[in-house]
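Participant: Got upload-v8.txt for you, compact mmCIF, C-alpha atoms:
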```txt
# COMPACT_ATOMS: atom_id res chain seq x y z
CA MET A 173 40.85 39.54 22.63
CA THR A 174 38.27 39.78 19.88
CA THR A 175 34.82 40.71 21.13
CA LEU A 176 31.56 39.33 19.76
CA LEU A 177 30.67 42.70 18.24
CA GLU A 178 33.99 42.87 16.39
CA SER A 179 33.44 39.37 15.03
CA ARG A 180 29.98 40.37 13.85
CA TYR A 181 31.35 43.44 12.07
CA ARG A 182 34.02 41.36 10.37
CA THR A 183 31.35 38.88 9.25
CA VAL A 184 29.30 41.66 7.67
CA LEU A 185 32.43 43.14 6.08
CA ARG A 186 32.93 39.87 4.23
CA LEU A 187 30.29 41.21 1.85
CA LEU A 188 33.06 43.45 0.49
CA PRO A 189 35.45 42.13 -2.18
CA ALA A 190 38.81 40.84 -0.98
CA TYR A 191 40.82 43.73 -2.47
CA TYR A 192 38.77 46.27 -0.54
CA ARG A 193 38.96 44.36 2.74
CA ARG A 194 42.73 44.11 2.48
CA GLU A 195 43.00 47.90 2.24
CA ARG A 196 40.23 49.10 4.56
CA GLU A 197 38.93 46.36 6.88
CA GLU A 198 41.00 47.21 9.94
CA GLU A 199 40.28 50.92 9.59
CA MET A 200 36.54 50.26 9.21
CA VAL A 201 36.38 47.92 12.22
CA GLU A 202 38.24 50.46 14.32
CA THR A 203 35.82 53.19 13.25
CA TYR A 204 32.75 51.10 14.03
CA LEU A 205 34.06 50.15 17.50
CA TRP A 206 35.42 53.59 18.36
CA ASP A 207 32.56 54.85 20.56
CA VAL A 208 31.22 51.50 21.79
CA ASP A 209 32.08 50.61 25.37
CA ARG A 210 34.12 47.38 25.43
CA ASP A 211 32.05 46.00 28.31
CA THR A 212 28.90 46.09 26.18
CA GLN A 213 30.39 44.84 22.92
CA ASP A 214 29.40 41.23 23.57
CA GLN A 215 25.75 42.32 23.81
CA SER A 216 25.72 44.57 20.72
CA ARG A 217 25.14 44.02 17.01
CA PRO A 218 25.77 46.09 13.87
CA THR A 219 22.77 48.30 13.19
CA LEU A 220 20.52 47.75 10.20
CA GLY A 221 21.75 51.04 8.74
CA GLU A 222 25.37 49.94 9.02
CA VAL A 223 24.63 46.62 7.34
CA ALA A 224 22.76 48.40 4.51
CA SER A 225 25.64 50.84 4.10
CA ILE A 226 28.17 48.02 3.86
CA ALA A 227 25.96 46.15 1.36
CA ALA A 228 25.73 49.28 -0.82
CA LEU A 229 29.50 49.72 -0.59
CA ALA A 230 29.93 46.07 -1.63
CA VAL A 231 27.93 46.75 -4.79
CA ARG A 232 29.83 49.96 -5.61
CA SER A 233 33.24 48.37 -5.00
CA ARG A 234 32.38 45.52 -7.41
CA LEU A 235 31.07 47.83 -10.13
CA GLY A 236 34.05 49.95 -10.99
CA ALA A 237 34.87 52.02 -7.91
CA PRO A 238 38.20 53.92 -7.99
CA GLY A 239 41.10 51.59 -7.26
CA ALA A 240 39.18 48.43 -8.18
CA PRO A 241 40.95 45.62 -10.04
CA ARG A 242 40.49 45.47 -13.78
CA ARG A 243 37.90 42.68 -13.66
CA TYR A 244 35.59 44.80 -11.49
CA VAL A 245 36.07 47.81 -13.77
CA LEU A 246 34.98 45.64 -16.71
CA LEU A 247 31.99 44.32 -14.77
CA GLY A 248 30.93 47.84 -13.87
CA SER A 249 31.25 48.99 -17.49
CA THR A 250 29.15 46.05 -18.69
CA VAL A 251 26.36 46.64 -16.17
CA ARG A 252 26.27 50.39 -16.89
CA LEU A 253 26.05 49.81 -20.65
CA PHE A 254 23.34 47.19 -20.13
CA ALA A 255 21.31 49.70 -18.10
CA LEU A 256 21.84 52.44 -20.68
CA PHE A 257 20.88 50.29 -23.69
CA ALA A 258 17.84 48.86 -21.91
CA VAL A 259 16.62 52.28 -20.78
CA LEU A 260 16.98 53.52 -24.38
CA ILE A 261 14.82 50.63 -25.68
CA GLN A 262 12.18 51.22 -23.01
CA ALA A 263 12.15 54.99 -23.59
CA ALA A 264 11.63 54.64 -27.34
CA ALA A 265 8.97 51.96 -26.87
CA GLY A 266 7.02 54.11 -24.41
CA VAL A 267 6.97 57.13 -26.73
CA VAL A 268 6.16 55.15 -29.89
CA GLU A 269 3.33 53.20 -28.28
CA LEU A 270 1.73 56.40 -26.99
CA VAL A 271 2.06 58.26 -30.30
CA LEU A 272 0.75 55.38 -32.42
CA GLU A 273 -2.27 54.72 -30.21
CA LEU A 274 -3.18 58.41 -30.07
CA THR A 275 -2.77 58.62 -33.84
CA TRP A 276 -5.02 55.59 -34.30
CA ALA A 277 -7.69 57.04 -31.98
CA VAL A 278 -7.71 60.43 -33.71
CA GLY A 279 -7.66 58.87 -37.18
CA ARG A 280 -10.76 56.76 -36.45
CA GLY A 281 -12.85 59.83 -35.68
CA GLY A 282 -15.50 59.84 -32.95
CA SER A 283 -15.64 56.07 -32.55
CA GLY A 284 -11.87 55.85 -32.10
CA ARG A 285 -11.82 58.65 -29.53
CA HIS A 286 -14.71 57.08 -27.64
CA LEU A 287 -12.98 53.69 -27.57
CA PHE A 288 -9.76 55.31 -26.38
CA LEU A 289 -11.46 57.28 -23.60
CA SER A 290 -13.59 54.35 -22.49
CA GLN A 291 -10.59 52.60 -20.98
CA PHE A 292 -10.39 55.50 -18.48
CA THR A 293 -14.10 55.96 -17.81
CA ASP A 294 -15.97 52.64 -18.08
CA HIS A 295 -14.26 50.35 -15.55
CA GLY A 296 -14.24 52.12 -12.21
CA LEU A 297 -11.92 54.52 -10.42
CA LEU A 298 -9.12 52.01 -9.63
CA THR A 299 -8.89 50.85 -13.22
CA ALA A 300 -8.93 54.44 -14.46
CA VAL A 301 -6.04 55.38 -12.15
CA VAL A 302 -4.04 52.29 -13.12
CA THR A 303 -4.68 52.88 -16.83
CA ALA A 304 -3.59 56.50 -16.55
CA ALA A 305 -0.43 55.41 -14.71
CA GLN A 306 0.29 52.79 -17.37
CA TRP A 307 0.12 55.56 -19.97
CA ILE A 308 2.06 58.26 -18.15
CA LEU A 309 4.71 56.47 -16.09
CA PRO A 310 6.47 54.70 -19.02
CA LEU A 311 7.34 58.16 -20.37
CA LEU A 312 9.69 58.43 -17.40
CA TRP A 313 12.04 56.05 -19.28
CA THR A 314 12.75 58.98 -21.60
CA VAL A 315 13.46 61.20 -18.59
CA ALA A 316 15.80 58.52 -17.19
CA TYR A 317 17.62 58.15 -20.52
CA PHE A 318 18.39 61.83 -21.02
CA ALA A 319 19.05 62.44 -17.30
CA LEU A 320 21.57 59.60 -17.28
CA LEU A 321 23.44 60.93 -20.31
CA HIS A 322 23.51 64.42 -18.78
CA ASP A 323 24.94 63.02 -15.51
CA ARG A 324 21.78 63.67 -13.48
CA ARG A 325 22.08 60.35 -11.72
CA ARG A 326 19.56 60.82 -8.92
CA LEU A 327 16.89 61.96 -11.39
CA ALA A 328 17.72 59.04 -13.68
CA ARG A 329 17.39 56.52 -10.84
CA THR A 330 14.09 57.96 -9.62
CA ALA A 331 12.63 58.14 -13.13
CA ALA A 332 13.65 54.56 -13.99
CA LEU A 333 12.09 53.14 -10.84
CA GLY A 334 8.91 55.12 -11.46
CA ALA A 335 8.76 53.99 -15.09
CA ALA A 336 9.02 50.32 -14.06
CA LEU A 337 6.08 50.49 -11.64
CA PRO A 338 3.29 49.72 -14.17
CA THR A 339 4.77 46.28 -14.85
CA LEU A 340 3.82 45.27 -11.30
CA TRP A 341 0.09 45.67 -11.94
CA PRO A 342 -0.46 42.37 -13.82
CA LEU A 343 1.15 40.59 -10.86
CA LEU A 344 -0.49 42.62 -8.06
CA GLY A 345 -3.83 43.37 -9.71
CA PRO A 346 -5.46 40.01 -8.82
CA LEU A 347 -4.79 40.73 -5.13
CA THR A 348 -7.16 43.72 -5.39
CA GLY A 349 -9.84 41.77 -7.23
CA ALA A 350 -9.14 43.60 -10.47
CA MET A 351 -9.34 41.88 -13.83
CA VAL A 352 -5.93 41.69 -15.47
CA PRO A 353 -4.66 39.66 -18.45
CA ALA A 354 -4.13 36.06 -17.33
CA ASP A 355 -0.63 35.49 -18.71
CA PRO A 356 1.78 35.23 -15.77
CA ALA A 357 4.76 34.14 -17.92
CA PHE A 358 4.53 37.22 -20.11
CA ALA A 359 3.86 39.49 -17.12
CA ALA A 360 6.92 38.11 -15.30
CA SER A 361 9.25 38.39 -18.31
CA PHE A 362 7.97 41.88 -19.15
CA GLY A 363 8.48 42.88 -15.52
CA LEU A 364 12.07 41.60 -15.59
CA LEU A 365 12.72 43.62 -18.75
CA ALA A 366 11.76 46.73 -16.79
CA TRP A 367 13.06 46.05 -13.30
CA LEU A 368 16.46 44.50 -14.05
CA PRO A 369 17.60 47.58 -16.05
CA ALA A 370 16.14 49.93 -13.42
CA LEU A 371 17.98 48.14 -10.62
CA ALA A 372 21.16 47.88 -12.72
CA LEU A 373 21.00 51.64 -13.29
CA CYS A 374 20.62 52.30 -9.56
CA ALA A 375 23.45 49.93 -8.63
CA SER A 376 26.03 50.72 -11.30
CA HIS A 377 25.63 54.46 -11.86
CA HIS A 378 26.75 55.28 -8.32
CA ARG A 379 28.59 58.42 -7.27
CA ASP A 380 32.03 56.91 -7.94
CA ALA A 381 31.15 55.64 -11.43
CA PRO A 382 32.28 57.47 -14.58
CA PRO A 383 29.63 59.49 -16.45
CA ALA A 384 27.39 57.54 -18.81
CA ARG A 385 28.09 57.89 -22.51
CA LEU A 386 26.96 56.22 -25.69
CA PRO A 387 29.59 54.26 -27.66
CA ALA A 388 28.58 56.23 -30.79
CA GLY A 389 26.20 59.04 -31.73
CA THR A 390 24.51 61.80 -29.74
CA PRO A 391 21.73 61.11 -27.21
CA GLY A 392 19.03 62.84 -29.24
CA LEU A 393 19.97 61.26 -32.56
CA VAL A 394 20.19 57.75 -31.10
CA PHE A 395 16.84 58.17 -29.34
CA MET A 396 15.11 59.45 -32.48
CA THR A 397 16.61 56.62 -34.54
CA ALA A 398 15.27 54.05 -32.07
CA CYS A 399 11.81 55.68 -32.18
CA VAL A 400 11.79 55.70 -36.00
CA VAL A 401 12.85 52.04 -36.21
CA MET A 402 10.17 50.96 -33.73
CA GLY A 403 7.46 53.04 -35.35
CA ALA A 404 8.36 51.83 -38.82
CA SER A 405 8.33 48.19 -37.70
CA VAL A 406 4.75 48.62 -36.48
CA VAL A 407 3.46 50.74 -39.37
CA VAL A 408 5.01 48.68 -42.17
CA LEU A 409 3.75 45.37 -40.73
CA PRO A 410 0.54 46.27 -38.87
CA ALA A 411 -0.68 42.66 -38.70
CA LEU A 412 2.26 41.56 -36.56
CA PRO A 413 2.75 43.90 -33.58
CA ASP A 414 2.34 42.90 -29.98
CA LEU A 415 4.10 44.41 -26.97
CA ALA A 416 7.30 42.52 -27.82
CA TRP A 417 7.42 43.26 -31.55
CA ALA A 418 8.72 46.85 -31.64
CA PRO A 419 11.39 46.51 -28.89
CA ALA A 420 12.62 43.26 -30.42
CA SER A 421 12.77 44.81 -33.92
CA CYS A 422 14.72 47.79 -32.58
CA PHE A 423 17.12 45.51 -30.73
CA VAL A 424 17.77 43.32 -33.77
CA ILE A 425 18.55 46.29 -36.02
CA GLY A 426 20.51 48.12 -33.32
CA ALA A 427 22.57 45.06 -32.38
CA LEU A 428 23.38 44.36 -36.03
CA GLY A 429 24.46 47.97 -36.46
CA TRP A 430 26.57 47.82 -33.32
CA LEU A 431 28.30 44.61 -34.46
CA LEU A 432 29.07 46.18 -37.85
CA TRP A 433 30.40 49.37 -36.26
CA HIS A 434 32.40 47.40 -33.69
CA SER A 435 34.05 45.21 -36.32
CA ARG A 436 34.94 48.12 -38.60
CA SER A 437 36.09 50.60 -35.97
CA GLY A 438 38.13 48.08 -33.98
CA ASP A 439 36.90 49.91 -30.85
CA ARG A 440 38.24 48.44 -27.61
CA THR A 441 37.31 51.28 -25.28
CA THR A 442 34.01 49.62 -24.28
CA PRO A 443 34.82 45.90 -23.92
CA GLY A 444 31.60 45.29 -22.00
CA GLY A 445 29.34 46.52 -24.81
CA ALA A 446 28.78 43.16 -26.49
CA LEU A 447 28.03 41.36 -23.22
CA ALA A 448 25.68 44.17 -22.19
CA LEU A 449 23.79 43.76 -25.46
CA ALA A 450 23.79 39.97 -25.06
CA ALA A 451 22.18 40.29 -21.63
CA LEU A 452 19.58 42.69 -23.00
CA GLY A 453 18.96 40.39 -25.96
CA LEU A 454 18.35 37.48 -23.61
CA LEU A 455 15.73 39.50 -21.71
CA ILE A 456 13.98 40.60 -24.90
CA LEU A 457 14.10 37.01 -26.20
CA ALA A 458 12.35 35.84 -23.04
CA VAL A 459 9.60 38.43 -23.58
CA ARG A 460 9.33 37.45 -27.26
CA VAL A 461 8.93 33.76 -26.43
CA ALA A 462 6.44 34.45 -23.62
CA ALA A 463 4.33 36.61 -25.95
CA LEU A 464 4.44 34.05 -28.76
CA TYR A 465 3.92 30.78 -26.89
CA PRO A 466 0.17 31.13 -26.11
CA TRP A 467 -0.59 31.61 -29.84
CA LEU A 468 1.28 28.58 -31.18
CA HIS A 469 -1.76 26.27 -30.96
CA LEU A 470 -4.41 28.83 -31.94
CA PRO A 471 -5.66 29.83 -35.41
CA VAL A 472 -3.75 33.10 -35.70
CA PRO A 473 -2.74 34.80 -38.99
CA ALA A 474 0.25 33.13 -40.62
CA ALA A 475 1.92 36.52 -41.05
CA TYR A 476 1.94 37.07 -37.28
CA LEU A 477 3.17 33.60 -36.43
CA GLY A 478 5.82 33.51 -39.15
CA GLY A 479 7.08 37.00 -38.38
CA ALA A 480 7.28 36.31 -34.67
CA LEU A 481 9.15 33.03 -35.23
CA VAL A 482 11.66 34.73 -37.56
CA GLN A 483 12.15 37.49 -35.00
CA THR A 484 12.67 34.92 -32.24
CA ALA A 485 15.32 33.10 -34.29
CA ALA A 486 17.08 36.38 -35.08
CA LEU A 487 17.10 37.35 -31.40
CA ALA A 488 18.53 33.98 -30.38
CA LEU A 489 21.26 34.09 -33.04
CA LEU A 490 22.22 37.67 -32.20
CA THR A 491 22.34 36.97 -28.48
CA VAL A 492 24.71 34.04 -28.99
CA THR A 493 26.87 36.07 -31.40
CA LEU A 494 27.07 39.00 -29.00
CA ALA A 495 28.03 36.68 -26.14
CA VAL A 496 30.87 35.21 -28.20
CA VAL A 497 32.10 38.66 -29.27
CA GLY A 498 31.82 39.91 -25.70
CA ARG A 499 33.86 37.01 -24.36
CA ARG A 500 36.54 37.67 -26.97
CA ASP A 501 36.65 41.36 -26.08
CA LEU A 502 36.96 40.65 -22.36
CA VAL A 503 39.79 38.19 -22.90
CA ALA A 504 41.58 40.77 -25.05
CA ALA A 505 41.08 43.47 -22.43
CA GLU A 506 42.01 41.31 -19.45
CA PRO A 507 44.01 38.16 -20.25
CA GLY A 508 43.75 37.06 -16.64
CA LEU A 509 40.05 36.40 -17.10
CA SER A 510 40.71 33.51 -19.46
```
Could you quickly redo this structure as structure tokens?

Facilitator:
Amino acid sequence: MTTLLESRYRTVLRLLPAYYRREREEEMVETYLWDVDRDTQDQSRPTLGEVASIAALAVRSRLGAPGAPRRYVLLGSTVRLFALFAVLIQAAAGVVELVLELTWAVGRGGSGRHLFLSQFTDHGLLTAVVTAAQWILPLLWTVAYFALLHDRRRLARTAALGAALPTLWPLLGPLTGAMVPADPAFAASFGLLAWLPALALCASHHRDAPPARLPAGTPGLVFMTACVVMGASVVVLPALPDLAWAPASCFVIGALGWLLWHSRSGDRTTPGGALALAALGLLILAVRVAALYPWLHLPVPAAYLGGALVQTAALALLTVTLAVVGRRDLVAAEPGLS
């Protein structure tokens, strides 16, 4: 006779995909019930730790664990590539923004240095700490990027979560009475651009996942190329940049390069690459639109407005193209998905 505790365990185990339950459910239920007295099983429940462990296993088994069906292997590959590409964009953006602002402050002489330092000294201790964190913590994206590609997964996860923390301040700052920019749409989209890749990295680069690798190029060369593209996009067109400009420019050029390489090489070893880029493009497009929308009805320079609109159109077109290519690649890799 099935006890209430066994039924509860089987309910929780339904979080796992069907293929995994078919192979392991009975063994897992037997293990969980092994040292529980049968007379008390109708008064017991799975512990919070057991539920959390099963939930984590459900994520791993759907993201390319050994023995998983092909569709889950493809899903895992897509999520891992999405995390890797997004972390690369964030890492380059963090370094370029820091270098360009420091260069601007030094180049302006004493007035520039005073203006730069005033953001740390003129608005109270809390603001100074938050400002310092917003400068330092984004550099952890670079740590996460290189740690991930050198198979230091725990360091990569910790660094990515730490790097994403500053994006919470525009949402949490008003609760402390602090003055923060009043643009909740941009703050939310910018936060998603940080937290979704960080969480995807934590979920998909688990201990059973294959090591992370770039589809082409070496980690250092790809990172430096991204930094150069972002820096050049800001320096060449200094009237245009906002927080979305450089990442969006890097994505547009990188995605175009990836599509060209993909079409010429005929590579089918990373069928999730196009869909991963499409998901990242959709996130960056949301940030681009959120940054642009407040300025549409204001007297802003035509160069900024025109450039931002062209960039938005390019992002939208690339995202759709990548989604179509990604769907084609998945169907070619797994006919059963069609």

Participant: Could you pull the residues within 10 Å of A:Met402, counting all atoms listed in the file, minus those fewer than 3 positions along the same chain, as a PyMOL selection string?

Facilitator: chain A and resi 261+264-265+267-269+396-399+405-407+417-423+425

Participant: Pick the closest to A:Ser216 from A:Leu247, A:Ala335, A:Leu177, A:Leu320: which is it, counting only C-alpha atoms?

Facilitator: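 Nearest candidate to A:Ser216 out of A:Leu247, A:Ala335, A:Leu177, A:Leu320: A:Leu177.
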
Participant: Which residue out of A:Ala305, A:Leu333, A:Leu270, A:Ala474 has the minimum interatomic distance to A:Leu373 when all atoms listed in the file are used?

Facilitator: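 Distance minimum relative to A:Leu373 lands on A:Leu333.
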
Participant: Given the point (25.2, 61.0, -17.8) in the coordinates of this file, which residues lie within 10 Å, counting only C-alpha atoms, and how would they look as a list of chain:residue names?

Facilitator: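 Those residues, ordered by chain and then number, are A:Leu256, A:Ala316, A:Tyr317, A:Phe318, A:Ala319, A:Leu320, A:Leu321, A:His322, A:Asp323, A:Arg324, A:Arg325, A:Ala328, A:His377, A:Pro382, A:Pro383, A:Ala384, A:Arg385, A:Leu386.
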
Participant: Pick the closest to A:Leu185 from A:Glu202, A:Ala227, A:Leu220, A:Ser233: which is it, counting all atoms listed in the file?

Facilitator: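 That would be A:Ala227, the residue with the smallest distance to A:Leu185.
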
Participant: Centre and edge lengths, as JSON, for the axis-aligned box enclosing every listed atom of stretch 422-441 of chain A with 3 Å of padding on each of the six sides, in Å to one decimal?

Facilitator:
```
{"center_x": 26.5, "center_y": 47.3, "center_z": -31.9, "size_x": 29.5, "size_y": 14.0, "size_z": 19.3}
```

Participant: From the list A:Ile226, A:Ala388, A:Leu253, A:Ala458, which residue is nearest A:Arg182 when using only C-alpha atoms?

Facilitator: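 Under the stated criterion, the closest residue is A:Ile226.
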
Participant: For atom CA of A:Asp414 and atom CA of A:Gly266, quote the distance in Å rounded to one decimal.

Facilitator: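 Going from atom CA of A:Asp414 over to atom CA of A:Gly266 covers 13.4 Å.
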
Participant: Counting all atoms listed in the file, which residue out of A:Leu494, A:Leu187, A:Leu343, A:Ser376 sits closest to A:Leu246?

Facilitator: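 Checking each candidate against A:Leu246, we get A:Ser376 as the closest.
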
Participant: Which of these residues is nearest to A:Val482, using all atoms listed in the file: A:Ala224, A:Ala381, A:Val424, A:Ala448?

Facilitator: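 Result for the nearest residue to A:Val482: A:Val424.
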